[in-house]
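Peer 1: My questions will all concern the structure given below.
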Amino acid sequence: MTSLTDRFLTYVRMDTQSDPASESTPSTEKQWVLARHLFEELKAIGLEDVTMDENGYIMATLPSNLNKDVPVIGFISHYDTSPDFTATGVKPRIVKNYKGEDIVLNNEKNIVLSPDYFEDLLLYKGQDLIVTDGTTLLGADDKAGVAEIVTAMEYLIAHPEIKHGKVRIGFTPDEEIGRGAHRFDVDIFGAEWAYTMDGSQIGELEFENFNAASAKITARGKSVHPGYAKNKMVNAIGIITDLASRLPREEVPEKTSGREGFFHVHHLKGTIENASMELIIRDHDREKFEERKQFLNLLVQEFNQRHPQAVDLELKDQYYNMREKVEPVYHIVEIAKEAMEQVGIEPIIKPIRGGTDGSQLSYKGLPCPNIFAGGHNFHGKYEYVPIQSMEKAVEVIVKICELTAEKS
């Protein structure tokens with residue numbers, strides 16, 4: 001059997017960064033490298049019905065070892081990594097028996113992972129942390145989840161005395177660019193419910209997430225020699241920056257938490273003739289979410305009154321709060337909660353300040369709460385994951401399978 005740590009280290013060394021500018025699925029050719037590796041690995045450990053379709057979606061089955069009907073459940077993770085930070089040449093390192101001190105990730109570049117800034121590090125004193133070399137992200141989001149699911153299935157195959165029903169697993173590309181569930185065939189997957197292993201801190205259990213939309217605002221200007229521009233020039237950059245200044249200053253990611261929503265401008269570019277701003281809109285409350293979108297619409301209308309037909313708004317919903325779909329089958333959350341408690345973990349039930357494949361899958365008919373995978377500081381050079389958290393995630397998966405069988 002391959003150890004959980006070795007499996008994870010193998011995965012993160014493969015660059016699987018997704019690309020929002022690409023229209024293919026997967027969005028990058030390099031995602032196929034890990035996809036093909038997983039396809040062969042799942043067959044090698046003894047799973048059945050291992051498939052990989054033309055879009056890189058991988059599914060497999062752990063058959064039931066019971067002679068009674070048990071609900072078919074699933075576990076899902078994504079194998080792409082974020083386009084926010086480079087994933088080329090990941091060099092993971094294990095910090096054994098962490099003592100609460102600063103961790104020098106890169107001495108040459110003076111990159112330090114410090115508990116003075118990242119206080120969560122102190123939760124893991126005495127544990128073993130996998131960190132980066134300070135030049136790439138790590139990829140625990142969500143290769144930790146992938147490794148945990150594969151390891152749990154291998155463990156259940158090796159321990160037939162643990163009784164369980166039929167279990168389906170699925171691995172998706174392109175979750176980091178919001179497309180992970182787009183081509184996931186819920187009918188073929190065939191589970192009654194599933195869990196994404198895509199959370200952060202040990203103990204996290206989430207069944208509600210943001211409602212999400214993306215927006216692109218484009219301004220058209222008129223370039224005139226600045227010496228003769230009075231009442232003639234229309235500066236598209238000025239329009240966009242003026243519009244950005246009208247967004248609520250306290251409703252941004254760096255000033256909100258919990259269920260508080262926000263506007264997040266993540267891209268600005270422009271010339272006098274053409275300028276644009278890209279942003280995302282997030283809110284857990286559906287009514288407030290709709291109000292935020294209406295606010296943008298009215299703001300653009302106001303600017304177009306000043307500069308007729310100069311401003312365009314492209315507004316697209318991305319996903320919705322899965323709470324609406326999970327609450328009617330809340331027992332699936334209770335099973336995960338009990339599983340954590342039985343393996344010695346205190347559940348942390350809280351809303352996701354983001355989204356997972358599970359949010360879209362829930363609206364496609366597959367209720368799908370989210371469970372911790374163990375990593376911290378995703379999408380950047382300070383990302384790390386405690387090995388013991390990953391090991392506990394494996395125990396939770398195994399226990400969920402066992403409890404589902406017991407309660408049926």
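As shown in the structure tokens, the chain order sets the letters A, B, ...; within each chain, residues go from 1, and ligands are also counted from 1 in the order they appear.
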Using only C-alpha atoms, determine which residues lie at most 8 Å from segment 84-95 of chain A, disregarding the query and same-chain residues fewer than 2 positions distant; provide the list as a list in words.

Peer 2: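 Final neighbour list, sorted by chain and number: Leu9, Val12, Arg13, Met14, Asp15, Thr16, Gln17, Thr81, Ser82, Asn97, Tyr98, Asp128, Leu129, Ile130, Val131, Thr132, Asp133, Thr135, Thr136, Leu137, Leu138, Gly139, His379, Gly380 and Lys381 of chain A.
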
Peer 1: Within segment 168-395 of chain A, find each residue whose DSSP state, derived from the backbone, is helix (DSSP H, G or I), and express the selection as number ranges by chain.

Peer 2: A: 175-177, 186-189, 226-228, 236-245, 253-255, 286-306, 323-329, 331-342, 357-363, 387-395

Peer 1: Can you tell me which residues surround Ser114 of chain A at a distance of at most 10 Å, considering only C-alpha atoms, apart from same-chain residues fewer than 4 positions away, and format the answer as an MDAnalysis selection string?

Peer 2: chainID A and resid 100:105 118:122 382

Peer 1: Could you please write out, as JSON, numbers by chain, every residue of segment 201-382 of chain A that DSSP assigns to strand (DSSP E or B)?

Peer 2: {"A": [204, 205, 206, 211, 212, 213, 214, 215, 216, 217, 218, 219, 220, 222, 234, 262, 263, 264, 265, 266, 267, 268, 269, 270, 274, 275, 276, 277, 278, 279, 280, 281, 282, 283, 311, 312, 313, 314, 315, 316, 317, 318, 319, 348, 349, 370, 371, 372, 376]}

Peer 1: Just to confirm, what's the straight-line distance from atom CA of Leu62 of chain A to atom CA of Ser359 of chain A in Å (one decimal)?

Peer 2: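 About the pair atom CA of Leu62 of chain A and atom CA of Ser359 of chain A: they are 24.2 Å apart.
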
Peer 1: Near Thr25 of chain A, within 8 Å and counting only C-alpha atoms, which residues show up once chain neighbours fewer than 6 positions away are dropped, as a list in words?

Peer 2: Asn55, Gly56, Pro173 and Asp174 of chain A

Peer 1: Give me the residues near segment 289-296 of chain A as a PDB file with N, CA, C and O atoms, in the first residue's frame, where near means some atom within 12 Å (using only C-alpha atoms) and where sequence neighbours in that chain fewer than 6 positions away do not count.

Peer 2:
ATOM      1  N   PHE A 210     -21.495  30.654  -0.521  1.00  0.00           N
ATOM      2  CA  PHE A 210     -21.927  31.880  -1.162  1.00  0.00           C
ATOM      3  C   PHE A 210     -22.845  31.619  -2.353  1.00  0.00           C
ATOM      4  O   PHE A 210     -22.709  30.600  -3.045  1.00  0.00           O
ATOM      5  N   ASN A 211     -23.758  32.539  -2.609  1.00  0.00           N
ATOM      6  CA  ASN A 211     -24.303  32.733  -3.942  1.00  0.00           C
ATOM      7  C   ASN A 211     -23.268  33.573  -4.676  1.00  0.00           C
ATOM      8  O   ASN A 211     -22.711  34.524  -4.103  1.00  0.00           O
ATOM      9  N   ALA A 212     -23.010  33.253  -5.924  1.00  0.00           N
ATOM     10  CA  ALA A 212     -21.871  33.873  -6.600  1.00  0.00           C
ATOM     11  C   ALA A 212     -22.208  34.331  -8.008  1.00  0.00           C
ATOM     12  O   ALA A 212     -22.919  33.647  -8.757  1.00  0.00           O
ATOM     13  N   ALA A 213     -21.673  35.487  -8.357  1.00  0.00           N
ATOM     14  CA  ALA A 213     -21.793  36.007  -9.719  1.00  0.00           C
ATOM     15  C   ALA A 213     -20.484  36.684 -10.106  1.00  0.00           C
ATOM     16  O   ALA A 213     -19.724  37.143  -9.244  1.00  0.00           O
ATOM     17  N   SER A 214     -20.214  36.735 -11.396  1.00  0.00           N
ATOM     18  CA  SER A 214     -19.070  37.482 -11.909  1.00  0.00           C
ATOM     19  C   SER A 214     -19.585  38.656 -12.720  1.00  0.00           C
ATOM     20  O   SER A 214     -20.681  38.604 -13.295  1.00  0.00           O
ATOM     21  N   ALA A 215     -18.817  39.713 -12.772  1.00  0.00           N
ATOM     22  CA  ALA A 215     -19.215  40.898 -13.529  1.00  0.00           C
ATOM     23  C   ALA A 215     -18.006  41.474 -14.243  1.00  0.00           C
ATOM     24  O   ALA A 215     -16.893  41.482 -13.713  1.00  0.00           O
ATOM     25  N   LYS A 216     -18.236  41.951 -15.458  1.00  0.00           N
ATOM     26  CA  LYS A 216     -17.213  42.691 -16.203  1.00  0.00           C
ATOM     27  C   LYS A 216     -17.846  43.985 -16.682  1.00  0.00           C
ATOM     28  O   LYS A 216     -18.878  43.969 -17.364  1.00  0.00           O
ATOM     29  N   ILE A 217     -17.250  45.094 -16.304  1.00  0.00           N
ATOM     30  CA  ILE A 217     -17.750  46.406 -16.708  1.00  0.00           C
ATOM     31  C   ILE A 217     -16.735  47.012 -17.668  1.00  0.00           C
ATOM     32  O   ILE A 217     -15.541  47.109 -17.355  1.00  0.00           O
ATOM     33  N   LEU A 243     -16.218  54.583 -11.203  1.00  0.00           N
ATOM     34  CA  LEU A 243     -17.228  53.569 -10.905  1.00  0.00           C
ATOM     35  C   LEU A 243     -16.760  52.662  -9.769  1.00  0.00           C
ATOM     36  O   LEU A 243     -17.520  52.348  -8.844  1.00  0.00           O
ATOM     37  N   ALA A 244     -15.487  52.268  -9.804  1.00  0.00           N
ATOM     38  CA  ALA A 244     -14.946  51.409  -8.745  1.00  0.00           C
ATOM     39  C   ALA A 244     -15.024  52.093  -7.388  1.00  0.00           C
ATOM     40  O   ALA A 244     -15.270  51.449  -6.357  1.00  0.00           O
ATOM     41  N   ARG A 246     -17.283  53.903  -6.302  1.00  0.00           N
ATOM     42  CA  ARG A 246     -18.656  53.932  -5.815  1.00  0.00           C
ATOM     43  C   ARG A 246     -19.082  52.623  -5.157  1.00  0.00           C
ATOM     44  O   ARG A 246     -20.160  52.543  -4.565  1.00  0.00           O
ATOM     45  N   LEU A 247     -18.267  51.592  -5.258  1.00  0.00           N
ATOM     46  CA  LEU A 247     -18.590  50.330  -4.577  1.00  0.00           C
ATOM     47  C   LEU A 247     -18.437  50.512  -3.075  1.00  0.00           C
ATOM     48  O   LEU A 247     -17.569  51.261  -2.620  1.00  0.00           O
ATOM     49  N   PRO A 248     -19.268  49.844  -2.267  1.00  0.00           N
ATOM     50  CA  PRO A 248     -19.197  50.017  -0.802  1.00  0.00           C
ATOM     51  C   PRO A 248     -17.827  49.632  -0.253  1.00  0.00           C
ATOM     52  O   PRO A 248     -17.375  48.498  -0.410  1.00  0.00           O
ATOM     53  N   GLU A 251     -17.490  46.661   2.169  1.00  0.00           N
ATOM     54  CA  GLU A 251     -18.011  45.374   1.719  1.00  0.00           C
ATOM     55  C   GLU A 251     -17.048  44.763   0.702  1.00  0.00           C
ATOM     56  O   GLU A 251     -17.362  44.571  -0.471  1.00  0.00           O
ATOM     57  N   ARG A 259     -20.984  35.286   7.343  1.00  0.00           N
ATOM     58  CA  ARG A 259     -21.979  35.305   6.267  1.00  0.00           C
ATOM     59  C   ARG A 259     -22.067  36.665   5.562  1.00  0.00           C
ATOM     60  O   ARG A 259     -22.971  36.892   4.772  1.00  0.00           O
ATOM     61  N   GLU A 260     -21.116  37.551   5.857  1.00  0.00           N
ATOM     62  CA  GLU A 260     -21.127  38.864   5.216  1.00  0.00           C
ATOM     63  C   GLU A 260     -20.689  38.751   3.756  1.00  0.00           C
ATOM     64  O   GLU A 260     -19.688  38.106   3.447  1.00  0.00           O
ATOM     65  N   GLY A 261     -21.442  39.389   2.878  1.00  0.00           N
ATOM     66  CA  GLY A 261     -21.116  39.367   1.467  1.00  0.00           C
ATOM     67  C   GLY A 261     -20.169  40.482   1.073  1.00  0.00           C
ATOM     68  O   GLY A 261     -19.792  41.324   1.892  1.00  0.00           O
ATOM     69  N   PHE A 262     -19.785  40.502  -0.224  1.00  0.00           N
ATOM     70  CA  PHE A 262     -18.846  41.532  -0.668  1.00  0.00           C
ATOM     71  C   PHE A 262     -18.861  41.692  -2.182  1.00  0.00           C
ATOM     72  O   PHE A 262     -19.391  40.868  -2.929  1.00  0.00           O
ATOM     73  N   PHE A 263     -18.252  42.801  -2.609  1.00  0.00           N
ATOM     74  CA  PHE A 263     -17.834  43.016  -3.987  1.00  0.00           C
ATOM     75  C   PHE A 263     -16.310  42.915  -3.996  1.00  0.00           C
ATOM     76  O   PHE A 263     -15.642  43.471  -3.124  1.00  0.00           O
ATOM     77  N   HIS A 264     -15.742  42.233  -4.977  1.00  0.00           N
ATOM     78  CA  HIS A 264     -14.288  42.071  -5.023  1.00  0.00           C
ATOM     79  C   HIS A 264     -13.781  42.369  -6.428  1.00  0.00           C
ATOM     80  O   HIS A 264     -13.969  41.586  -7.358  1.00  0.00           O
ATOM     81  N   LEU A 279     -14.930  41.911 -11.590  1.00  0.00           N
ATOM     82  CA  LEU A 279     -15.170  41.719 -10.168  1.00  0.00           C
ATOM     83  C   LEU A 279     -16.077  40.521  -9.939  1.00  0.00           C
ATOM     84  O   LEU A 279     -16.714  40.029 -10.872  1.00  0.00           O
ATOM     85  N   ILE A 280     -16.096  40.076  -8.691  1.00  0.00           N
ATOM     86  CA  ILE A 280     -17.020  39.018  -8.300  1.00  0.00           C
ATOM     87  C   ILE A 280     -17.938  39.549  -7.211  1.00  0.00           C
ATOM     88  O   ILE A 280     -17.580  40.458  -6.464  1.00  0.00           O
ATOM     89  N   ILE A 281     -19.130  38.966  -7.142  1.00  0.00           N
ATOM     90  CA  ILE A 281     -20.159  39.350  -6.175  1.00  0.00           C
ATOM     91  C   ILE A 281     -20.490  38.117  -5.362  1.00  0.00           C
ATOM     92  O   ILE A 281     -20.728  37.038  -5.925  1.00  0.00           O
ATOM     93  N   ARG A 282     -20.501  38.254  -4.042  1.00  0.00           N
ATOM     94  CA  ARG A 282     -20.739  37.118  -3.170  1.00  0.00           C
ATOM     95  C   ARG A 282     -21.683  37.502  -2.031  1.00  0.00           C
ATOM     96  O   ARG A 282     -21.561  38.570  -1.442  1.00  0.00           O
ATOM     97  N   ASP A 283     -22.614  36.600  -1.709  1.00  0.00           N
ATOM     98  CA  ASP A 283     -23.457  36.765  -0.522  1.00  0.00           C
ATOM     99  C   ASP A 283     -24.133  35.451  -0.201  1.00  0.00           C
ATOM    100  O   ASP A 283     -24.599  34.750  -1.098  1.00  0.00           O
ATOM    101  N   GLU A 302     -26.643  54.748 -14.199  1.00  0.00           N
ATOM    102  CA  GLU A 302     -26.329  56.123 -13.794  1.00  0.00           C
ATOM    103  C   GLU A 302     -25.151  56.679 -14.605  1.00  0.00           C
ATOM    104  O   GLU A 302     -25.189  57.824 -15.075  1.00  0.00           O
ATOM    105  N   PHE A 303     -24.119  55.875 -14.784  1.00  0.00           N
ATOM    106  CA  PHE A 303     -22.957  56.341 -15.540  1.00  0.00           C
ATOM    107  C   PHE A 303     -23.290  56.534 -17.015  1.00  0.00           C
ATOM    108  O   PHE A 303     -22.735  57.418 -17.673  1.00  0.00           O
ATOM    109  N   VAL A 311     -20.865  52.693 -21.190  1.00  0.00           N
ATOM    110  CA  VAL A 311     -20.538  51.641 -20.225  1.00  0.00           C
ATOM    111  C   VAL A 311     -21.413  50.415 -20.458  1.00  0.00           C
ATOM    112  O   VAL A 311     -22.631  50.524 -20.610  1.00  0.00           O
ATOM    113  N   ASP A 312     -20.755  49.241 -20.494  1.00  0.00           N
ATOM    114  CA  ASP A 312     -21.467  47.959 -20.637  1.00  0.00           C
ATOM    115  C   ASP A 312     -21.216  47.100 -19.406  1.00  0.00           C
ATOM    116  O   ASP A 312     -20.129  47.135 -18.815  1.00  0.00           O
ATOM    117  N   LEU A 313     -22.217  46.319 -19.040  1.00  0.00           N
ATOM    118  CA  LEU A 313     -22.104  45.395 -17.912  1.00  0.00           C
ATOM    119  C   LEU A 313     -22.442  43.992 -18.371  1.00  0.00           C
ATOM    120  O   LEU A 313     -23.509  43.743 -18.929  1.00  0.00           O
ATOM    121  N   GLU A 314     -21.500  43.055 -18.149  1.00  0.00           N
ATOM    122  CA  GLU A 314     -21.762  41.625 -18.362  1.00  0.00           C
ATOM    123  C   GLU A 314     -21.834  40.987 -16.976  1.00  0.00           C
ATOM    124  O   GLU A 314     -20.857  40.996 -16.235  1.00  0.00           O
ATOM    125  N   LEU A 315     -22.980  40.435 -16.644  1.00  0.00           N
ATOM    126  CA  LEU A 315     -23.214  39.882 -15.310  1.00  0.00           C
ATOM    127  C   LEU A 315     -23.644  38.429 -15.454  1.00  0.00           C
ATOM    128  O   LEU A 315     -24.604  38.129 -16.164  1.00  0.00           O
ATOM    129  N   LYS A 316     -22.922  37.517 -14.784  1.00  0.00           N
ATOM    130  CA  LYS A 316     -23.224  36.086 -14.916  1.00  0.00           C
ATOM    131  C   LYS A 316     -23.277  35.429 -13.541  1.00  0.00           C
ATOM    132  O   LYS A 316     -22.340  35.556 -12.753  1.00  0.00           O
ATOM    133  N   ASP A 317     -24.366  34.726 -13.259  1.00  0.00           N
ATOM    134  CA  ASP A 317     -24.420  33.903 -12.049  1.00  0.00           C
ATOM    135  C   ASP A 317     -23.476  32.720 -12.209  1.00  0.00           C
ATOM    136  O   ASP A 317     -23.379  32.124 -13.299  1.00  0.00           O
ATOM    137  N   GLN A 318     -22.780  32.375 -11.123  1.00  0.00           N
ATOM    138  CA  GLN A 318     -21.822  31.271 -11.165  1.00  0.00           C
ATOM    139  C   GLN A 318     -22.313  30.041 -10.398  1.00  0.00           C
ATOM    140  O   GLN A 318     -22.248  28.927 -10.899  1.00  0.00           O
ATOM    141  N   TYR A 319     -22.795  30.232  -9.182  1.00  0.00           N
ATOM    142  CA  TYR A 319     -23.351  29.130  -8.401  1.00  0.00           C
ATOM    143  C   TYR A 319     -24.185  29.714  -7.271  1.00  0.00           C
ATOM    144  O   TYR A 319     -24.174  30.927  -7.036  1.00  0.00           O
ATOM    145  N   TYR A 320     -24.920  28.819  -6.592  1.00  0.00           N
ATOM    146  CA  TYR A 320     -25.839  29.266  -5.546  1.00  0.00           C
ATOM    147  C   TYR A 320     -25.570  28.534  -4.238  1.00  0.00           C
ATOM    148  O   TYR A 320     -24.858  27.529  -4.206  1.00  0.00           O
ATOM    149  N   ASN A 321     -26.159  29.025  -3.168  1.00  0.00           N
ATOM    150  CA  ASN A 321     -25.980  28.451  -1.843  1.00  0.00           C
ATOM    151  C   ASN A 321     -26.631  27.069  -1.773  1.00  0.00           C
ATOM    152  O   ASN A 321     -27.843  26.924  -1.944  1.00  0.00           O
TER     153      ASN A 321
END
